[in-house]
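S.K.: Dropping the structure in here first, questions after.
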Amino acid sequence: MARPQDPPRGFFPFGNPFKNLSSKNPVLSSNLLSLLNTFETNLASSITKLVPKEKSQILTLSWMSQAMASLCQTHNAIKTLITDLELPVSDWEDKWVDIYLDISVKLLDLCNAFSSELSRLNQGHLFLQFALHNLGTNAPQNLPKAQSSLDAWKQHIVSKNPRLESCHAILTSLVQTLNLPKVKNSAKGKVLMRALYGVKVKTLYISGVFAAAFSGSSQNLLYVTVSNELPWAPSFMDMQNTMNSEMKSIFLSDGLTVMKELEAVDSGVKNLAPAIQQGSIDSISLQPLKDSVTELTSGIDLVSKEVDCFFKILLSGRDTLLENLRSMGAPTTVLTTSPKKAAGKKQRRF
């Protein structure tokens with residue numbers, strides 16, 4: 001596990017980007033206020049559900065799956081809000097479009113990095129399955145083969161994934177986008193930008209947790225300060241403080257990795273080491289390792305599914321926006337690479 005070089009970094013304290021909807025701003029109708037209040041209430045509720053009730057839930061694949069599923073719900077909710085606001089792309093300011101495209105391509109890059117690491121972790125399953133097969137025979141001649149597979153699994157898990165190296169730079173650049181542009185003479189635009197602010201804060205923090213967990217580096221762990229005036233702020237700060245406090249301790253540990261399910265498998269392997277050396281393994285002793293391997297495999301599959309779902313939501317929203325702009329006759333220069341490849345390359349520009 002990579003040792004943390006620095007404590008979790010606190011990025012610029014951002015307050016409410018709109019400093020209330022004052023008299024200088026367009027007056028919001030009761031309908032717009034209702035849409036905004038409903039969205040932010042649901043956002044607060046979704047964040048509250050992510051606050052771990054026990055320390056043991058932190059940095060688990062189960063929590064990561066839940067968190068990514070929550071992001072999918074929130075990003076679908078912002079699509080619904082745009083529809084309810086009756087704010088077509090033709091009414092969007094150019095800077096809104098630029099921000100959306102810039103953020104979306106960076107999030108797609110993060111998704112590709114996360115998927116790459118999940119795939120790499122899943123490849124380690126082959127070593128574990130081969131080891132379990134040989135251990136299950138309880139034949140002395142097969143135990144060295146099992147030990148060799150377990151050693152190979154450990155080496156595989158601690159190896160570096162170069163696809164994760166860009167995460168820190170991407171997260172840092174996304175932090176800059178939290179300072180949203182001013183919205184002039186558009187009440188609907190103000191509602192949209194304020195809602196997007198909440199979505200971005202939640203997405204940024206959870207993405208940082210994923211990057212920190214996969215890379216084993218606390219450099220990717222973020223701390224974002226938001227104004228207490230925002231209705232979802234208490235829930236967000238509760239989640240962030242609860243997670244960061246425990247994660248600091250985890251990163252200072254000497255474990256194989258910071259992820260709980262991987263640590264459980266490693267613990268099972270260590271517990272079997274004396275029996276392997278003695279040349280005899282019984283089924284009762286082997287069962288804890290089998291259970292931890294099953295839980296790890298299931299967890300990786302669930303997280304992979306949710307990351308793929310999030311990727312598709314981002315890509316769909318981006319492609320829909322581009323298609324709407326094309327239909328409006330906006331000049332576009334679209335990359336000819338496939339959507340999956342484009343997500344990891346230079347962004348589409350107008």
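Note on naming: chains are A, B, ... as they come in the structure tokens, residues start from 1 per chain, ligands start from 1 in the order shown.
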Please list as a VMD selection string every residue within 8 Å of Gly189 (chain A), counting only C-alpha atoms and excluding residues in the same chain fewer than 6 positions away.
M.R.: chain A and resid 87 92 183
S.K.: Could you work out how far CA of Gln129 (chain A) lies from CA of Gln278 (chain A), giving the answer in Å with one decimal?
M.R.: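 Distance reported for this atom pair: 21.4 Å.
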S.K.: Do you have, as a Markdown table, the list of residues of region 215-306 of chain A lying at most 9 Å from region 141-158 of chain A, each with its nearest atom pair and that distance in Å to one decimal, counting only C-alpha atoms and ordered by chain then number?
M.R.:
```
| residue | atom | partner | partner_atom | distance |
| --- | --- | --- | --- | --- |
| A:Leu256 | CA | A:Val158 | CA | 7.1 |
| A:Thr257 | CA | A:Val158 | CA | 7.4 |
| A:Leu262 | CA | A:Ile157 | CA | 8.6 |
| A:Asp266 | CA | A:Lys154 | CA | 7.8 |
| A:Val269 | CA | A:Leu150 | CA | 7.3 |
| A:Ala273 | CA | A:Gln147 | CA | 8.3 |
| A:Ile276 | CA | A:Leu143 | CA | 6.2 |
| A:Gln277 | CA | A:Leu143 | CA | 8.4 |
| A:Gly279 | CA | A:Leu143 | CA | 6.9 |
| A:Ser280 | CA | A:Leu143 | CA | 8.2 |
| A:Ile281 | CA | A:Leu143 | CA | 8.7 |
```
S.K.: Which neighbours of Ser267 (chain A) fall inside 10 Å, counting only C-alpha atoms, when residues of the same chain fewer than 4 positions from it are skipped, and could you give them as an MDAnalysis selection string?
M.R.: chainID A and resid 255:256 261:263 271:272 288:289 292
S.K.: Write a file of the just-selected residues containing C-alpha atoms, as a JSON list (two decimals), in the first residue's frame.
M.R.:
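Contents of again_36.json, freshly written:
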```
[["chain", "number", "residue", "atom", "x", "y", "z"],
["A", 255, "GLY", "CA", -2.05, -3.10, 5.83],
["A", 256, "LEU", "CA", -1.70, -4.58, 2.38],
["A", 261, "GLU", "CA", -12.57, -6.65, 1.56],
["A", 262, "LEU", "CA", -9.02, -6.93, 0.25],
["A", 263, "GLU", "CA", -7.69, -6.76, 3.78],
["A", 271, "ASN", "CA", -4.13, -17.23, 9.00],
["A", 272, "LEU", "CA", -3.63, -20.23, 6.73],
["A", 288, "PRO", "CA", -13.06, -18.02, 6.24],
["A", 289, "LEU", "CA", -10.82, -17.46, 3.21],
["A", 292, "SER", "CA", -13.82, -13.43, 2.13]]
```
S.K.: For region 214-304 of chain A against region 39-53 of chain A, with a cut-off of 7 Å and counting only C-alpha atoms, what is the closest atom pair and its distance in Å to one decimal for every residue that makes the cut, ordered by chain and number, as a Markdown table?
M.R.:
```
| residue | atom | partner | partner_atom | distance |
| --- | --- | --- | --- | --- |
| A:Pro231 | CA | A:Glu40 | CA | 6.5 |
| A:Trp232 | CA | A:Ala44 | CA | 4.2 |
| A:Ser235 | CA | A:Thr48 | CA | 5.3 |
| A:Phe236 | CA | A:Ile47 | CA | 6.1 |
| A:Asp238 | CA | A:Val51 | CA | 6.9 |
| A:Met239 | CA | A:Val51 | CA | 4.7 |
```
S.K.: Store the residues picked out above, limited to N, CA, C and O atoms, as an mmCIF file, in the first residue's frame.
M.R.:
```cif
data_model
loop_
_atom_site.group_PDB
_atom_site.id
_atom_site.type_symbol
_atom_site.label_atom_id
_atom_site.label_comp_id
_atom_site.auth_asym_id
_atom_site.auth_seq_id
_atom_site.Cartn_x
_atom_site.Cartn_y
_atom_site.Cartn_z
ATOM 1 N N PRO A 231 -29.125 23.869 2.291
ATOM 2 C CA PRO A 231 -29.857 22.875 3.086
ATOM 3 C C PRO A 231 -29.204 21.509 3.159
ATOM 4 O O PRO A 231 -29.452 20.749 4.093
ATOM 5 N N TRP A 232 -28.377 21.171 2.178
ATOM 6 C CA TRP A 232 -27.717 19.865 2.179
ATOM 7 C C TRP A 232 -26.338 19.915 2.834
ATOM 8 O O TRP A 232 -25.679 18.879 2.975
ATOM 9 N N SER A 235 -25.593 17.625 6.067
ATOM 10 C CA SER A 235 -25.467 16.211 5.698
ATOM 11 C C SER A 235 -24.124 15.946 5.034
ATOM 12 O O SER A 235 -23.448 14.942 5.328
ATOM 13 N N PHE A 236 -23.727 16.857 4.139
ATOM 14 C CA PHE A 236 -22.458 16.674 3.437
ATOM 15 C C PHE A 236 -21.277 16.737 4.395
ATOM 16 O O PHE A 236 -20.369 15.891 4.342
ATOM 17 N N ASP A 238 -21.251 16.156 7.552
ATOM 18 C CA ASP A 238 -21.293 14.979 8.420
ATOM 19 C C ASP A 238 -20.659 13.785 7.723
ATOM 20 O O ASP A 238 -19.828 13.065 8.305
ATOM 21 N N MET A 239 -21.037 13.568 6.464
ATOM 22 C CA MET A 239 -20.454 12.470 5.696
ATOM 23 C C MET A 239 -18.952 12.664 5.532
ATOM 24 O O MET A 239 -18.149 11.747 5.786
#
```
S.K.: Looking at A:Arg194, A:Lys55, A:Lys188, A:Lys248, which one is nearest to Val209 (chain A), with distances taken over only C-alpha atoms?
M.R.: A:Lys248
S.K.: Which residue is closest to Met64 (chain A)? Choose from A:Val199, A:Ile170, A:Leu192, A:Leu118 and count only C-alpha atoms.
M.R.: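 Of A:Val199, A:Ile170, A:Leu192, A:Leu118, the one nearest Met64 (chain A), counting only C-alpha atoms, is A:Leu118.
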S.K.: Find the spatial neighbours of Leu28 (chain A), counting only C-alpha atoms, within a cut-off of 10 Å - ignore same-chain residues fewer than 5 positions away - and output them as a VMD selection string.
M.R.: chain A and resid 21 to 22 33 to 34 36 186 to 188 190 to 191
S.K.: What's the 9 Å shell around Leu204 (chain A), counting only C-alpha atoms, without same-chain residues fewer than 3 positions away, as JSON, numbers by chain?
M.R.: {"A": [107, 171, 174, 175, 199, 200, 201, 207, 208, 209, 222, 224]}
S.K.: Write out as a ChimeraX atom specification all residues of region 80-312 of chain A that backbone DSSP assigns to helix (DSSP H, G or I).
M.R.: /A:80-85,89-91,94-123,125-137,140-158,162-164,167-176,187-215,218-220,233-251,260-278,283-312
S.K.: Which is closer to Leu230 (chain A) than all the others in A:Ala195, A:Val27, A:Val258, A:Ile206, using only C-alpha atoms?
M.R.: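 Closest candidate: A:Ala195.
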S.K.: For Val293 (chain A), which residue among A:Lys260, A:Glu165, A:Glu229, A:Leu178 is the nearest when counting only C-alpha atoms?
M.R.: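 The closest residue to Val293 (chain A) is A:Lys260.
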